[in-house]
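entry.csv follows; it contains CSV, C-alpha atoms.
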```csv
chain,number,residue,atom,x,y,z
A,167,GLU,CA,49.3,-103.5,16.8
A,168,VAL,CA,46.9,-104.8,14.1
A,169,ASP,CA,43.7,-102.8,13.6
A,170,SER,CA,41.1,-105.5,12.8
A,171,ARG,CA,38.0,-103.4,13.7
A,172,ARG,CA,36.4,-103.2,10.3
A,173,SER,CA,35.8,-105.5,7.4
A,174,GLU,CA,36.0,-104.3,3.8
A,175,PRO,CA,33.2,-101.9,3.1
A,176,ALA,CA,30.6,-102.8,0.5
A,177,MET,CA,30.2,-100.5,-2.6
A,178,VAL,CA,27.4,-97.9,-1.9
A,179,ASP,CA,26.3,-94.7,-3.4
A,180,VAL,CA,27.9,-91.6,-1.8
A,181,THR,CA,25.3,-89.3,-0.2
A,182,GLU,CA,25.5,-85.6,0.7
A,183,ALA,CA,25.7,-86.7,4.4
A,184,ASP,CA,28.7,-88.9,3.5
A,185,LEU,CA,30.5,-86.0,1.8
A,186,GLN,CA,29.8,-83.7,4.8
A,187,ALA,CA,31.2,-86.4,7.1
A,188,GLN,CA,34.3,-86.7,4.9
A,189,GLU,CA,34.8,-83.0,4.9
A,190,HIS,CA,34.4,-82.9,8.7
A,191,GLN,CA,37.0,-85.7,9.1
A,192,VAL,CA,39.5,-83.8,6.9
A,193,MET,CA,38.9,-80.6,8.9
A,194,VAL,CA,39.5,-82.4,12.2
A,195,GLU,CA,42.7,-84.0,10.9
A,196,ARG,CA,44.0,-80.7,9.6
A,197,GLU,CA,43.4,-78.9,12.9
A,198,ALA,CA,45.0,-81.8,14.8
A,199,VAL,CA,48.2,-81.6,12.7
A,200,GLU,CA,48.4,-77.8,12.9
A,201,ALA,CA,47.9,-78.0,16.7
A,202,VAL,CA,50.8,-80.4,17.1
A,203,GLU,CA,53.1,-78.3,15.0
A,204,ALA,CA,52.2,-75.2,17.0
A,205,ALA,CA,52.7,-77.1,20.3
A,206,ALA,CA,56.1,-78.3,19.2
A,207,GLU,CA,57.2,-74.8,18.3
A,208,GLN,CA,56.0,-73.2,21.5
A,209,ARG,CA,57.3,-75.9,23.9
A,210,THR,CA,60.9,-74.7,24.1
A,211,GLY,CA,61.6,-76.6,27.3
A,212,ARG,CA,58.6,-75.3,29.3
A,213,THR,CA,55.9,-77.5,30.9
A,214,ILE,CA,52.2,-77.3,30.2
A,215,ALA,CA,51.7,-75.6,33.6
A,216,GLU,CA,54.2,-72.9,32.6
A,217,ARG,CA,52.6,-72.3,29.3
A,218,HIS,CA,49.1,-72.2,30.7
A,219,PRO,CA,49.3,-70.3,34.1
A,220,GLY,CA,45.5,-69.9,34.1
A,221,TRP,CA,44.9,-73.6,34.1
A,222,PRO,CA,44.5,-75.8,37.2
A,223,PRO,CA,47.1,-78.5,37.5
A,224,VAL,CA,46.8,-81.2,34.8
A,225,GLU,CA,47.5,-84.9,35.4
A,226,LEU,CA,47.7,-87.8,33.0
A,227,ARG,CA,47.4,-91.4,34.0
A,228,LEU,CA,48.6,-94.0,31.5
A,229,ARG,CA,47.0,-97.5,31.7
A,230,ILE,CA,49.3,-100.0,30.0
A,231,GLY,CA,48.1,-103.4,29.0
A,232,SER,CA,46.8,-105.8,26.3
A,233,HIS,CA,44.1,-104.5,24.0
A,234,GLU,CA,42.6,-107.4,22.1
A,235,ARG,CA,39.7,-108.9,24.1
A,236,ARG,CA,36.7,-107.4,25.7
A,237,GLY,CA,38.0,-108.5,29.1
A,238,HIS,CA,41.2,-106.5,28.7
A,239,ALA,CA,39.2,-103.4,29.5
A,240,ALA,CA,38.1,-104.8,32.8
A,241,GLY,CA,38.4,-102.3,35.7
A,242,LEU,CA,38.5,-99.3,33.4
A,243,GLU,CA,35.1,-98.1,34.8
A,244,THR,CA,36.5,-98.0,38.3
A,245,GLU,CA,39.6,-96.0,37.2
A,246,LEU,CA,37.4,-93.6,35.2
A,247,GLY,CA,35.3,-93.0,38.3
A,248,ASP,CA,38.4,-92.0,40.3
A,249,GLY,CA,38.2,-88.3,39.5
A,250,VAL,CA,38.9,-88.7,35.8
A,251,ASP,CA,37.6,-85.9,33.5
A,252,ILE,CA,39.0,-87.0,30.1
A,253,PHE,CA,39.5,-90.4,28.5
A,254,PHE,CA,42.1,-90.8,25.7
A,255,TYR,CA,42.0,-94.0,23.6
A,256,GLU,CA,44.7,-95.4,21.3
A,257,ASP,CA,43.7,-95.4,17.6
A,258,MET,CA,46.1,-94.8,14.7
A,259,SER,CA,43.2,-94.4,12.2
A,260,GLY,CA,42.3,-90.9,13.4
A,261,ASP,CA,38.7,-91.6,12.7
A,262,GLU,CA,36.4,-88.9,14.1
A,263,ASP,CA,33.4,-91.2,13.9
A,264,THR,CA,35.0,-93.4,16.5
A,265,ARG,CA,35.4,-90.5,18.9
A,266,GLN,CA,31.8,-89.5,18.4
A,267,GLN,CA,30.5,-93.0,19.0
A,268,LEU,CA,32.4,-93.4,22.2
A,269,GLN,CA,31.4,-89.9,23.4
A,270,ALA,CA,27.8,-90.7,22.8
A,271,ILE,CA,28.2,-93.9,24.9
A,272,ALA,CA,29.9,-92.0,27.7
A,273,ASN,CA,27.1,-89.4,27.7
A,274,THR,CA,24.3,-92.1,27.8
A,275,PRO,CA,23.0,-92.6,31.4
A,276,ARG,CA,24.0,-95.9,32.9
A,277,GLU,CA,20.3,-96.9,33.4
A,278,ASP,CA,19.6,-96.5,29.7
A,279,LYS,CA,20.6,-99.1,27.1
A,280,ARG,CA,24.2,-98.6,25.8
A,281,PRO,CA,24.2,-97.4,22.2
A,282,LYS,CA,25.5,-99.8,19.6
A,283,LEU,CA,29.2,-99.5,18.7
A,284,LYS,CA,30.0,-99.9,15.0
A,285,LEU,CA,33.5,-101.4,15.6
A,286,ALA,CA,34.4,-105.0,15.3
A,287,SER,CA,37.3,-105.4,17.8
A,288,PRO,CA,36.1,-107.0,21.1
A,289,PHE,CA,38.4,-104.6,23.0
A,290,TRP,CA,36.5,-101.6,21.7
A,291,HIS,CA,33.3,-103.1,23.0
A,292,GLY,CA,35.0,-103.6,26.4
A,293,ILE,CA,35.9,-99.9,26.4
A,294,ALA,CA,32.4,-99.0,25.5
A,295,ASP,CA,31.0,-101.2,28.4
A,296,ASN,CA,33.2,-99.3,30.8
A,297,LEU,CA,32.6,-95.9,29.4
A,298,HIS,CA,28.8,-96.2,29.5
A,299,GLY,CA,27.3,-93.5,31.7
A,300,THR,CA,30.6,-92.1,33.0
A,301,GLY,CA,30.1,-88.6,31.4
A,302,VAL,CA,33.8,-88.2,30.8
A,303,VAL,CA,35.1,-86.3,27.7
A,304,VAL,CA,36.4,-88.7,25.1
A,305,ASP,CA,39.2,-88.1,22.6
A,306,SER,CA,42.5,-89.4,21.2
A,307,PHE,CA,46.0,-87.9,20.9
A,308,ASP,CA,47.1,-90.6,18.4
A,309,LEU,CA,48.1,-90.2,14.8
A,310,VAL,CA,45.9,-88.6,12.2
A,311,GLU,CA,46.1,-88.1,8.4
A,312,GLY,CA,48.9,-85.6,7.6
A,313,ASP,CA,51.2,-86.5,10.5
A,314,ALA,CA,54.9,-87.1,9.7
A,315,ILE,CA,54.2,-90.8,10.0
A,316,SER,CA,50.9,-92.6,9.3
A,317,GLY,CA,49.2,-95.6,10.8
A,318,ASP,CA,49.3,-97.3,7.4
A,319,GLN,CA,53.0,-96.8,7.2
A,320,ILE,CA,53.5,-98.4,10.6
A,321,MET,CA,51.2,-101.3,9.7
A,322,ARG,CA,53.1,-101.9,6.5
A,323,SER,CA,56.4,-102.1,8.4
A,324,PHE,CA,54.7,-104.4,11.0
A,325,GLU,CA,53.6,-106.8,8.3
A,326,GLU,CA,56.9,-106.9,6.3
A,327,ARG,CA,59.0,-110.1,6.6
A,328,PRO,CA,62.2,-109.3,4.7
A,329,TRP,CA,64.1,-112.1,6.5
A,330,ARG,CA,61.8,-115.0,5.5
A,331,ARG,CA,63.1,-118.0,3.6
A,332,ASN,CA,66.7,-117.1,3.9
A,333,PRO,CA,68.7,-120.3,4.6
A,334,ASP,CA,71.5,-118.4,6.2
A,335,LEU,CA,70.8,-117.8,9.9
A,336,GLU,CA,73.2,-114.9,10.4
A,337,ALA,CA,71.8,-113.0,7.4
A,338,THR,CA,68.3,-113.7,8.7
A,339,LEU,CA,69.1,-112.3,12.1
A,340,ASP,CA,70.7,-109.2,10.6
A,341,ALA,CA,67.6,-108.6,8.4
A,342,TYR,CA,65.3,-109.2,11.4
A,343,ALA,CA,67.3,-106.9,13.7
A,344,ASP,CA,67.2,-104.1,11.0
A,345,HIS,CA,63.5,-104.5,10.6
A,346,MET,CA,62.8,-104.4,14.3
A,347,LYS,CA,65.1,-101.3,14.7
A,348,ARG,CA,63.2,-99.5,12.0
A,349,SER,CA,59.8,-100.5,13.4
A,350,ALA,CA,60.8,-99.3,16.9
A,351,GLY,CA,62.0,-96.0,15.4
A,352,GLU,CA,58.6,-95.5,13.8
A,353,GLN,CA,56.8,-96.2,17.1
A,354,HIS,CA,59.2,-93.8,18.8
A,355,GLN,CA,58.2,-91.1,16.2
A,356,ARG,CA,54.6,-91.9,16.9
A,357,GLU,CA,55.0,-91.5,20.6
A,358,ASP,CA,56.7,-88.1,20.1
A,359,ILE,CA,53.7,-87.0,18.1
A,360,MET,CA,51.3,-88.3,20.8
A,361,ALA,CA,53.3,-86.4,23.5
A,362,ASP,CA,52.9,-83.2,21.5
A,363,ARG,CA,49.3,-83.8,20.7
A,364,TYR,CA,48.4,-84.4,24.4
A,365,GLU,CA,48.7,-80.7,25.2
A,366,ALA,CA,47.0,-79.7,21.9
A,367,LYS,CA,44.1,-81.9,22.7
A,368,LEU,CA,43.8,-80.4,26.2
A,369,GLU,CA,43.6,-77.0,24.7
A,370,GLN,CA,40.8,-78.0,22.3
A,371,ILE,CA,38.9,-79.8,25.1
A,372,ILE,CA,39.1,-76.9,27.5
A,373,GLU,CA,37.9,-74.6,24.8
A,374,ARG,CA,34.8,-76.8,24.4
A,375,HIS,CA,34.4,-77.4,28.1
A,376,PRO,CA,35.6,-74.2,29.9
A,377,GLU,CA,34.0,-75.5,33.1
A,378,LEU,CA,37.1,-77.7,33.5
A,379,LEU,CA,39.0,-74.5,34.4
A,380,GLU,CA,36.9,-74.2,37.6
A,381,GLN,CA,38.2,-77.5,39.0
A,382,ASP,CA,41.1,-78.0,41.4
A,383,LYS,CA,42.8,-80.1,38.8
A,384,ILE,CA,42.1,-81.7,35.4
A,385,VAL,CA,42.7,-85.5,35.3
A,386,SER,CA,43.1,-87.6,32.1
A,387,LEU,CA,43.3,-91.3,31.7
A,388,ALA,CA,44.7,-93.0,28.5
A,389,THR,CA,44.7,-96.7,27.6
A,390,LEU,CA,47.8,-97.8,25.7
A,391,GLY,CA,49.3,-101.1,24.5
A,392,ALA,CA,52.1,-102.6,26.5
A,393,PHE,CA,54.8,-101.4,24.1
A,394,HIS,CA,54.1,-97.7,24.7
A,395,ILE,CA,55.9,-97.2,28.0
A,396,GLY,CA,58.0,-94.8,26.1
A,397,LEU,CA,55.3,-92.2,26.1
A,398,TYR,CA,55.5,-92.0,29.9
A,399,HIS,CA,59.3,-91.4,29.7
A,400,ASP,CA,58.8,-88.7,27.0
A,401,LEU,CA,56.3,-86.8,29.1
A,402,ASP,CA,58.1,-87.3,32.4
A,403,GLN,CA,61.3,-85.9,30.9
A,404,ARG,CA,59.4,-82.9,29.8
A,405,GLY,CA,58.4,-82.3,33.4
A,406,GLU,CA,54.7,-83.1,33.0
A,407,SER,CA,52.5,-84.7,35.7
A,408,VAL,CA,52.2,-88.3,34.4
A,409,SER,CA,51.9,-91.7,36.0
A,410,GLN,CA,51.9,-95.2,34.6
A,411,THR,CA,50.2,-98.4,35.8
A,412,PHE,CA,49.5,-101.8,34.3
A,413,SER,CA,46.0,-103.1,33.7
A,414,PRO,CA,44.9,-106.1,35.8
A,415,ASP,CA,45.2,-108.5,32.9
A,416,PHE,CA,48.9,-107.7,32.3
A,417,SER,CA,51.6,-109.1,34.5
A,418,GLY,CA,54.3,-106.9,33.1
A,419,GLN,CA,55.9,-110.0,31.5
A,420,TYR,CA,57.3,-108.9,28.1
A,421,SER,CA,58.1,-111.2,25.2
A,422,HIS,CA,61.6,-111.2,23.7
A,423,ILE,CA,60.1,-109.4,20.7
A,424,ASP,CA,58.9,-106.6,23.0
A,425,GLU,CA,62.2,-106.5,24.8
A,426,LEU,CA,64.1,-106.2,21.6
A,427,SER,CA,61.8,-103.4,20.4
A,428,LEU,CA,62.2,-101.5,23.7
A,429,ASP,CA,66.0,-101.9,23.5
A,430,TYR,CA,65.9,-100.1,20.1
A,431,ARG,CA,63.2,-97.7,21.3
A,432,PHE,CA,65.5,-96.5,24.2
A,433,GLY,CA,68.7,-96.6,22.2
A,434,ARG,CA,70.2,-99.7,23.7
A,435,GLU,CA,72.1,-102.2,21.5
A,436,PRO,CA,70.6,-105.7,22.0
A,437,SER,CA,72.6,-108.8,22.4
A,438,ARG,CA,72.7,-111.4,19.6
A,439,ASP,CA,71.0,-113.9,21.9
A,440,LEU,CA,68.1,-111.6,22.3
A,441,VAL,CA,67.8,-111.0,18.6
A,442,ALA,CA,67.8,-114.8,18.0
A,443,ARG,CA,65.2,-115.6,20.6
A,444,ALA,CA,62.9,-112.8,19.4
A,445,TYR,CA,63.3,-114.3,15.9
A,446,VAL,CA,62.1,-117.7,17.2
A,447,GLU,CA,59.2,-116.0,19.0
A,448,ASN,CA,58.3,-114.2,15.8
A,449,ALA,CA,58.3,-117.5,13.9
A,450,LEU,CA,55.8,-118.9,16.5
A,451,ASP,CA,53.7,-115.7,16.0
A,452,ASN,CA,53.8,-116.3,12.2
A,453,LEU,CA,52.3,-119.7,12.9
A,454,GLY,CA,49.2,-117.9,14.0
A,455,LEU,CA,49.3,-118.9,17.6
A,456,ARG,CA,49.3,-115.4,19.1
A,457,TYR,CA,46.6,-114.2,16.6
A,458,ASP,CA,44.4,-117.2,17.5
A,459,ILE,CA,44.7,-116.5,21.2
A,460,GLU,CA,44.1,-112.8,20.8
A,461,ASN,CA,40.9,-113.5,18.9
A,462,GLY,CA,39.7,-116.4,21.1
A,463,ARG,CA,40.0,-118.9,18.3
A,464,GLN,CA,40.6,-122.7,18.6
A,465,ALA,CA,44.2,-123.3,17.9
A,466,MET,CA,47.0,-125.5,19.2
A,467,PHE,CA,46.0,-124.4,22.7
A,468,SER,CA,42.4,-125.6,22.1
A,469,ARG,CA,39.2,-124.5,23.8
A,470,GLN,CA,38.3,-128.0,24.7
A,471,ASP,CA,38.0,-127.0,28.3
A,472,GLY,CA,35.6,-124.2,27.5
A,473,GLU,CA,37.9,-121.2,27.9
A,474,PRO,CA,40.2,-119.5,25.4
A,475,ALA,CA,43.9,-119.3,26.3
A,476,GLU,CA,45.1,-116.1,27.9
A,477,LEU,CA,47.7,-114.0,26.0
A,478,ASP,CA,49.7,-113.4,29.2
A,479,ASP,CA,50.0,-117.2,29.7
A,480,TYR,CA,51.1,-117.6,26.1
A,481,THR,CA,53.8,-114.9,26.6
A,482,VAL,CA,55.1,-116.4,29.8
A,483,TYR,CA,55.3,-120.0,28.2
A,484,VAL,CA,56.9,-118.9,24.9
A,485,ARG,CA,59.4,-116.7,26.6
A,486,ALA,CA,60.5,-119.6,28.9
A,487,LEU,CA,60.7,-121.9,26.0
A,488,THR,CA,62.9,-119.5,23.9
A,489,ASP,CA,65.0,-118.7,27.0
A,490,ARG,CA,66.1,-122.3,27.1
A,491,LEU,CA,67.4,-122.2,23.5
A,492,SER,CA,71.0,-121.7,22.7
A,493,LEU,CA,72.3,-120.1,19.5
A,494,GLU,CA,73.3,-123.6,18.4
A,495,ASP,CA,69.7,-124.8,19.1
A,496,ILE,CA,68.3,-122.0,17.0
A,497,ALA,CA,70.7,-122.7,14.2
A,498,ALA,CA,69.5,-126.3,14.2
A,499,LEU,CA,65.9,-125.2,14.1
A,500,HIS,CA,66.4,-122.4,11.5
A,501,PRO,CA,65.9,-124.6,8.3
A,502,LYS,CA,62.4,-125.3,9.6
A,503,LEU,CA,61.7,-121.8,10.8
A,504,ALA,CA,62.8,-120.3,7.5
A,505,LYS,CA,60.2,-122.3,5.6
A,506,ILE,CA,57.2,-121.2,7.6
A,507,SER,CA,54.4,-120.2,5.3
A,508,LYS,CA,51.9,-117.5,6.1
A,509,TYR,CA,49.1,-119.9,6.7
A,510,PRO,CA,50.5,-123.2,7.8
A,511,ASN,CA,48.2,-126.1,8.3
A,512,PRO,CA,47.5,-127.1,12.0
A,513,TRP,CA,49.4,-130.4,11.8
A,514,SER,CA,52.6,-128.7,10.5
A,515,ARG,CA,52.6,-126.0,13.1
A,516,LYS,CA,52.0,-128.6,15.9
A,517,ARG,CA,55.0,-130.5,14.7
A,518,LEU,CA,57.1,-127.4,14.6
A,519,VAL,CA,56.2,-126.2,18.1
A,520,LYS,CA,56.8,-129.7,19.5
A,521,ALA,CA,60.3,-129.6,17.8
A,522,ILE,CA,61.0,-126.3,19.5
A,523,ALA,CA,59.8,-127.5,22.9
A,524,ALA,CA,61.9,-130.6,22.5
A,525,LYS,CA,65.0,-128.6,21.8
A,526,ALA,CA,64.2,-126.4,24.8
A,527,ASP,CA,63.7,-129.5,27.0
A,528,MET,CA,60.3,-128.2,28.0
A,529,GLY,CA,58.4,-131.5,27.9
A,530,SER,CA,55.0,-131.9,26.2
A,531,VAL,CA,53.3,-128.9,24.6
A,532,PRO,CA,50.1,-127.7,26.5
A,533,LYS,CA,47.0,-129.1,24.8
A,534,SER,CA,44.4,-126.8,26.3
A,535,ALA,CA,44.0,-123.3,27.8
A,536,ARG,CA,43.9,-124.9,31.3
A,537,GLU,CA,47.2,-126.8,30.7
A,538,LEU,CA,48.8,-123.6,29.3
A,539,HIS,CA,47.7,-121.6,32.4
A,540,GLU,CA,48.9,-124.3,34.8
A,541,ARG,CA,52.3,-124.3,33.0
A,542,ALA,CA,52.5,-120.5,33.0
A,543,GLU,CA,51.7,-120.4,36.7
A,544,GLN,CA,54.5,-122.9,37.5
A,545,LEU,CA,56.9,-120.7,35.5
A,546,ARG,CA,55.8,-117.6,37.3
A,547,GLN,CA,56.4,-119.2,40.6
A,548,GLN,CA,59.9,-120.3,39.5
A,549,GLN,CA,60.7,-116.8,38.4
A,550,SER,CA,59.5,-115.3,41.8
A,551,ARG,CA,61.9,-117.5,43.8
```

Hey, can you dump this file as structure tokens for me?
Amino acid sequence: EVDSRRSEPAMVDVTEADLQAQEHQVMVEREAVEAVEAAAEQRTGRTIAERHPGWPPVELRLRIGSHERRGHAAGLETELGDGVDIFFYEDMSGDEDTRQQLQAIANTPREDKRPKLKLASPFWHGIADNLHGTGVVVDSFDLVEGDAISGDQIMRSFEERPWRRNPDLEATLDAYADHMKRSAGEQHQREDIMADRYEAKLEQIIERHPELLEQDKIVSLATLGAFHIGLYHDLDQRGESVSQTFSPDFSGQYSHIDELSLDYRFGREPSRDLVARAYVENALDNLGLRYDIENGRQAMFSRQDGEPAELDDYTVYVRALTDRLSLEDIAALHPKLAKISKYPNPWSRKRLVKAIAAKADMGSVPKSARELHERAEQLRQQQSR
């Protein structure tokens, strides 16, 4: 989950207002960490309702899906209008300024121009479009500075490639599996913190908005990436009122990489075939294909037909491609996969994808977003039979 929202800041003089903002950020982070620690100590098997008998029933709706493009937030406004009081967003940075910007947008009447958002990611602007004028309370129960694990630590693990350029396939798969197991463990730890912080955030919000206690129930909606289905299971096992739905853009089709991560997340031992196929998918991601599609860039699946490729179509196609590879096929491809550079030129990556598609007997590689979508639709229909 790469946070590409901001570019490197320019060097500027620090003002008194800057120092006050930094002090406020530190205070918010300290209070958030202390609240989570207190919640974990007090939980002792009881539910939120049991610990807060004076509260009305509380309900959390989790919206699972992609979070790269502006359109991935489509439909959020309708969901927020369905009796939602609080909106929780996913953000490992713990930046208080982000919350303040989004809250100001939610509080701005719909008929007034939406305030500008100082974030780069298209998805954030999609959230802002849908938040505009809703009047909901905005917050995040994600990581902050001082937690047992940090967003920076998770990102460093995500970007590590300890298996690269090893000519031995078995050693490569072992290193890749160890990496994925460690990364899944870090995400699990993150979700545990999020589950604890959910109650702590409710307490803080109700303190700021005591009028919520006069309602028949308090409803929260949270947007999360497709990997984080574990949070639902954490809260459900604790006996909390929580539901989970997929956003309209997400079909529920997981890549082998996600499947491998979820196996480790839930304590299942994955098969060697799954590890190998996830390794091939990871090699394709390292070619930059997923990144280009997420960011609407021209890539192997070009924009010659006027539309960027859809990530869900890419996932369906690549999973079908790797499903058709045997361990022997992967062993034959490994010398080429092991040599993938961080920024391969377009011609070399086209040749490599064509080689993988040939091994999988998948015919020609889609040359446009439209071709990719048509191929993905055919695969979906085959899967539904």

Exercise: region 386-400 of chain A partners within 7 Å, all atoms listed in the file, chain neighbours under 2 positions left out, as a list of chain:residue names
A:Glu225, A:Leu226, A:Arg227, A:Leu228, A:Arg229, A:Ile230, A:Gly231, A:Ser232, A:His233, A:Val250, A:Asp251, A:Ile252, A:Phe253, A:Phe254, A:Tyr255, A:Glu256, A:Glu357, A:Ala361, A:Ile384, A:Asp402, A:Gln403, A:Arg404, A:Val408, A:Gln410, A:Asp424

Env of Val302 (chain A): 12 Å cut, atoms = all atoms listed in the file, seq-sep filter 3 positions within chain, self excluded. Answer as a PyMOL selection string.
chain A and resi 243+245-254+268-275+296-299+305+371+375+378+384-387

What is the CA of Lys533 (chain A)-CA of Ser413 (chain A) distance in Å, reported with one decimal?
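So the two atoms, CA of Lys533 (chain A) and CA of Ser413 (chain A), lie 27.5 Å apart.
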
Out of A:Phe412, A:Gln370, A:Ile320, A:Tyr445, which residue has the shortest atom-to-atom distance to Gly241 (chain A) when counting all atoms listed in the file?
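Nearest to Gly241 (chain A): A:Phe412.
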
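For the pair CA of Asp257 (chain A) and CA of Ile214 (chain A), the separation is 23.6 Å.
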
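Using only C-alpha atoms, the shortest contact distance between Ala350 (chain A) and any of A:Leu428, A:Leu499, A:Leu379, A:Leu309 is found at A:Leu428.
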
CA of Leu503 (chain A) to CA of Ala535 (chain A), distance in Å rounded to a single decimal:
24.6 Å

Spatial neighbours of region 484-496 of chain A, 6 Å, all atoms listed in the file, chain gap at least 2 places, as an MDAnalysis selection string
chainID A and resid 421 443 481:482 498:500 526

Cut-off 12 Å: closest region 399-464 of chain A/region 338-342 of chain A atom pairs per residue, using all atoms listed in the file, as JSON lines:
```
{"residue": "A:Ile423", "atom": "CA", "partner": "A:Tyr342", "partner_atom": "CA", "distance": 10.7}
{"residue": "A:Leu426", "atom": "CA", "partner": "A:Tyr342", "partner_atom": "CA", "distance": 10.7}
{"residue": "A:Ser427", "atom": "CA", "partner": "A:Tyr342", "partner_atom": "CA", "distance": 11.3}
{"residue": "A:Pro436", "atom": "CA", "partner": "A:Asp340", "partner_atom": "CA", "distance": 11.9}
{"residue": "A:Ser437", "atom": "CA", "partner": "A:Leu339", "partner_atom": "CA", "distance": 11.4}
{"residue": "A:Arg438", "atom": "CA", "partner": "A:Leu339", "partner_atom": "CA", "distance": 8.4}
{"residue": "A:Asp439", "atom": "CA", "partner": "A:Leu339", "partner_atom": "CA", "distance": 10.1}
{"residue": "A:Leu440", "atom": "CA", "partner": "A:Leu339", "partner_atom": "CA", "distance": 10.3}
{"residue": "A:Val441", "atom": "CA", "partner": "A:Leu339", "partner_atom": "CA", "distance": 6.8}
{"residue": "A:Ala442", "atom": "CA", "partner": "A:Leu339", "partner_atom": "CA", "distance": 6.5}
{"residue": "A:Arg443", "atom": "CA", "partner": "A:Leu339", "partner_atom": "CA", "distance": 9.9}
{"residue": "A:Ala444", "atom": "CA", "partner": "A:Tyr342", "partner_atom": "CA", "distance": 9.1}
{"residue": "A:Tyr445", "atom": "CA", "partner": "A:Tyr342", "partner_atom": "CA", "distance": 7.1}
{"residue": "A:Val446", "atom": "CA", "partner": "A:Leu339", "partner_atom": "CA", "distance": 10.2}
{"residue": "A:Glu447", "atom": "CA", "partner": "A:Tyr342", "partner_atom": "CA", "distance": 11.9}
{"residue": "A:Asn448", "atom": "CA", "partner": "A:Tyr342", "partner_atom": "CA", "distance": 9.7}
{"residue": "A:Ala449", "atom": "CA", "partner": "A:Tyr342", "partner_atom": "CA", "distance": 11.1}
```

Of the listed residues A:Ala366, A:Leu538, A:Met360, A:Ala504, that which approaches Ala475 (chain A) most closely, counting all atoms listed in the file:
A:Leu538

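The shortest atom-to-atom distance to His291 (chain A), with only C-alpha atoms taken into account, belongs to A:Arg235 out of A:Arg322, A:Arg235, A:Arg517, A:Arg348.
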
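Counting only C-alpha atoms and comparing A:Asp527, A:Glu311, A:Glu200, A:Asp478, the residue that lies closest to Ala542 (chain A) is A:Asp478.
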